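To start, the structure itself, in structure tokens.
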Amino acid sequence: QVQLVESGGGLVQTGGSLTLSCAASGGTFKRSAMGWFRQAPGKEREFVATISWTGSNTYYADSVKGRFTISRDNAKNTVYLQMNSLKPDDTAVYYCAARRSGAVTIATETSNFASWGQGTQVTVSS
């Protein structure tokens, strides 16, 4: 099973940008679709973005479409989430997730992902 470590979170003002990184080790990262989810206080974990194994297919939640970009570098075993035009509603703990080895297509449900990182806090001030 792949191990995931997120980084890049922090405090940013409304309209600012952040780039989250998710470093994977162990398992077979290169044969797994990946995703980003987030969870705000008192709310359920929600889907943000997903990317296929090859990187050729991506999908976004409506709330972040046009502002966030997911990408991956399989040579570095890393997935990224570029976040622009941040809003206070984007404040949450952001989690990276990997599908099981061989599950190469995108997914949006938490149950479709086998491995999770510990999360990184993103706070957007108004």
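All residue names refer to the structure tokens as shown: chains lettered A, B, ... in order, residues numbered from 1 in each chain, ligands numbered from 1 in order.
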
Who sits within 12 Å of segment 3-8 of chain A, only C-alpha atoms, same chain under 2 positions skipped, as a ChimeraX atom specification: /A:1,10-12,17-29,34-37,77-83,93-100,114-123

Would you output that residue set with N, CA and C atoms, as a short mmCIF file (atom, residue, chain, number, x, y, z; two decimals), in the first residue's frame?
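The resulting file, selection10.cif, is shown below:
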data_model
loop_
_atom_site.label_atom_id
_atom_site.label_comp_id
_atom_site.auth_asym_id
_atom_site.auth_seq_id
_atom_site.Cartn_x
_atom_site.Cartn_y
_atom_site.Cartn_z
N GLN A 1 0.85 -1.17 0.00
CA GLN A 1 0.00 0.00 0.00
C GLN A 1 0.90 1.24 0.00
N GLY A 10 -1.07 26.23 4.29
CA GLY A 10 -0.70 27.42 5.03
C GLY A 10 -1.82 28.42 5.08
N LEU A 11 -1.47 29.64 5.49
CA LEU A 11 -2.41 30.74 5.59
C LEU A 11 -2.22 31.68 4.41
N VAL A 12 -3.31 32.01 3.74
CA VAL A 12 -3.23 32.88 2.57
C VAL A 12 -4.45 33.80 2.58
N SER A 17 -2.81 32.35 -3.78
CA SER A 17 -2.55 31.03 -4.37
C SER A 17 -1.70 30.18 -3.46
N LEU A 18 -1.88 28.88 -3.58
CA LEU A 18 -1.05 27.89 -2.89
C LEU A 18 -0.91 26.69 -3.80
N THR A 19 0.21 25.99 -3.66
CA THR A 19 0.38 24.73 -4.35
C THR A 19 0.63 23.63 -3.33
N LEU A 20 -0.23 22.65 -3.31
CA LEU A 20 -0.07 21.50 -2.44
C LEU A 20 0.68 20.40 -3.19
N SER A 21 1.50 19.68 -2.45
CA SER A 21 2.21 18.53 -3.01
C SER A 21 1.86 17.29 -2.20
N CYS A 22 1.89 16.17 -2.87
CA CYS A 22 1.64 14.88 -2.23
C CYS A 22 2.71 13.92 -2.71
N ALA A 23 3.62 13.56 -1.81
CA ALA A 23 4.71 12.64 -2.14
C ALA A 23 4.32 11.22 -1.76
N ALA A 24 4.50 10.31 -2.70
CA ALA A 24 4.12 8.91 -2.48
C ALA A 24 5.36 8.03 -2.37
N SER A 25 5.27 7.05 -1.51
CA SER A 25 6.35 6.07 -1.38
C SER A 25 5.73 4.70 -1.17
N GLY A 26 6.49 3.68 -1.56
CA GLY A 26 5.97 2.33 -1.43
C GLY A 26 4.87 2.06 -2.44
N GLY A 27 4.39 0.86 -2.48
CA GLY A 27 3.30 0.54 -3.39
C GLY A 27 3.68 0.75 -4.83
N THR A 28 2.69 0.98 -5.68
CA THR A 28 2.91 1.19 -7.10
C THR A 28 2.16 2.43 -7.51
N PHE A 29 2.69 3.57 -7.11
CA PHE A 29 2.07 4.87 -7.36
C PHE A 29 1.74 5.06 -8.82
N MET A 34 -5.19 9.25 -8.76
CA MET A 34 -5.03 9.98 -7.51
C MET A 34 -6.14 11.01 -7.35
N GLY A 35 -6.30 11.46 -6.13
CA GLY A 35 -7.31 12.48 -5.89
C GLY A 35 -6.94 13.38 -4.73
N TRP A 36 -7.60 14.53 -4.72
CA TRP A 36 -7.52 15.45 -3.59
C TRP A 36 -8.93 15.62 -3.02
N PHE A 37 -9.01 15.59 -1.71
CA PHE A 37 -10.26 15.82 -1.00
C PHE A 37 -10.00 16.88 0.06
N ASN A 77 7.07 10.64 -8.29
CA ASN A 77 6.05 10.05 -7.39
C ASN A 77 5.30 11.14 -6.62
N THR A 78 4.92 12.19 -7.31
CA THR A 78 4.30 13.33 -6.66
C THR A 78 3.07 13.81 -7.43
N VAL A 79 2.06 14.19 -6.68
CA VAL A 79 0.85 14.80 -7.23
C VAL A 79 0.74 16.21 -6.65
N TYR A 80 0.25 17.11 -7.48
CA TYR A 80 0.17 18.51 -7.08
C TYR A 80 -1.27 19.01 -7.18
N LEU A 81 -1.56 20.04 -6.40
CA LEU A 81 -2.83 20.75 -6.53
C LEU A 81 -2.51 22.24 -6.49
N GLN A 82 -2.57 22.86 -7.65
CA GLN A 82 -2.36 24.29 -7.76
C GLN A 82 -3.69 24.97 -7.49
N MET A 83 -3.71 25.85 -6.49
CA MET A 83 -4.95 26.52 -6.09
C MET A 83 -4.80 28.02 -6.27
N VAL A 93 -8.89 21.12 5.78
CA VAL A 93 -7.75 20.22 5.72
C VAL A 93 -7.84 19.48 4.38
N TYR A 94 -6.76 19.52 3.63
CA TYR A 94 -6.72 18.90 2.31
C TYR A 94 -5.98 17.57 2.39
N TYR A 95 -6.61 16.55 1.82
CA TYR A 95 -6.07 15.20 1.85
C TYR A 95 -5.77 14.70 0.45
N CYS A 96 -4.65 14.06 0.31
CA CYS A 96 -4.28 13.36 -0.91
C CYS A 96 -4.71 11.90 -0.76
N ALA A 97 -5.15 11.30 -1.86
CA ALA A 97 -5.60 9.91 -1.81
C ALA A 97 -5.18 9.18 -3.07
N ALA A 98 -4.90 7.90 -2.92
CA ALA A 98 -4.51 7.04 -4.04
C ALA A 98 -5.49 5.89 -4.18
N ARG A 99 -5.84 5.58 -5.42
CA ARG A 99 -6.63 4.38 -5.66
C ARG A 99 -5.71 3.17 -5.52
N ARG A 100 -6.28 2.02 -5.46
CA ARG A 100 -5.49 0.80 -5.34
C ARG A 100 -4.66 0.62 -6.61
N ALA A 114 -7.83 3.91 -1.75
CA ALA A 114 -7.34 2.93 -0.79
C ALA A 114 -6.35 3.50 0.21
N SER A 115 -5.64 4.56 -0.17
CA SER A 115 -4.60 5.11 0.70
C SER A 115 -4.83 6.60 0.86
N TRP A 116 -4.55 7.10 2.07
CA TRP A 116 -4.78 8.50 2.39
C TRP A 116 -3.58 9.09 3.11
N GLY A 117 -3.33 10.36 2.85
CA GLY A 117 -2.32 11.07 3.60
C GLY A 117 -2.90 11.59 4.91
N GLN A 118 -2.05 12.28 5.66
CA GLN A 118 -2.47 12.78 6.97
C GLN A 118 -3.17 14.14 6.88
N GLY A 119 -3.06 14.78 5.74
CA GLY A 119 -3.72 16.06 5.52
C GLY A 119 -2.83 17.25 5.78
N THR A 120 -3.14 18.35 5.10
CA THR A 120 -2.44 19.61 5.30
C THR A 120 -3.48 20.72 5.38
N GLN A 121 -3.31 21.63 6.33
CA GLN A 121 -4.29 22.68 6.59
C GLN A 121 -4.11 23.83 5.60
N VAL A 122 -5.22 24.26 5.02
CA VAL A 122 -5.26 25.46 4.19
C VAL A 122 -6.26 26.41 4.81
N THR A 123 -5.80 27.61 5.12
CA THR A 123 -6.67 28.62 5.71
C THR A 123 -6.64 29.87 4.84
#

Spatial neighbours of segment 51-62 of chain A, max dist 6 Å, only C-alpha atoms, sep filter under 6 positions, as a list in words: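 Residues meeting the cut-off are Arg31, Ser32, Ala33, Met34, Val104, Thr105 and Ile106 of chain A.
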
Selected residues, C-alpha atoms, written as a PDB file, in the first residue's frame, please.
ATOM      1  CA  ARG A  31      -0.446   2.559 -11.628  1.00  0.00           C
ATOM      2  CA  SER A  32      -2.885   4.457  -9.447  1.00  0.00           C
ATOM      3  CA  ALA A  33      -5.273   7.282 -10.161  1.00  0.00           C
ATOM      4  CA  MET A  34      -5.030   9.979  -7.512  1.00  0.00           C
ATOM      5  CA  VAL A 104      -5.935   3.816 -13.319  1.00  0.00           C
ATOM      6  CA  THR A 105      -9.133   5.757 -13.968  1.00  0.00           C
ATOM      7  CA  ILE A 106     -10.411   8.827 -12.160  1.00  0.00           C
TER       8      ILE A 106
END

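For the residues A:Lys30, A:Val124, A:Asp73, A:Val2, ranking by smallest atom-to-atom distance to Gly102 of chain A using only C-alpha atoms places A:Lys30 first.
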
Strand (DSSP E or B) per DSSP on the backbone: members of chain A, as a PyMOL selection string: chain A and resi 3-7+10-13+18-25+34-39+46-51+58-60+68-73+78-83+92-98+115-116+120-125

Among the residues A:Ser125, A:Thr91, A:Ser71, A:Ser63, the one that comes closest to Gln39 of chain A [using only C-alpha atoms]: A:Thr91

Residues flagged helix (DSSP H, G or I) by DSSP in chain A, as a PyMOL selection string: chain A and resi 29-31+88-90+110-112

Length of the atom CA of Lys87 of chain A to atom CA of Phe113 of chain A vector [Å]: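 Taking atom CA of Lys87 of chain A and atom CA of Phe113 of chain A, their separation equals 26.8 Å.
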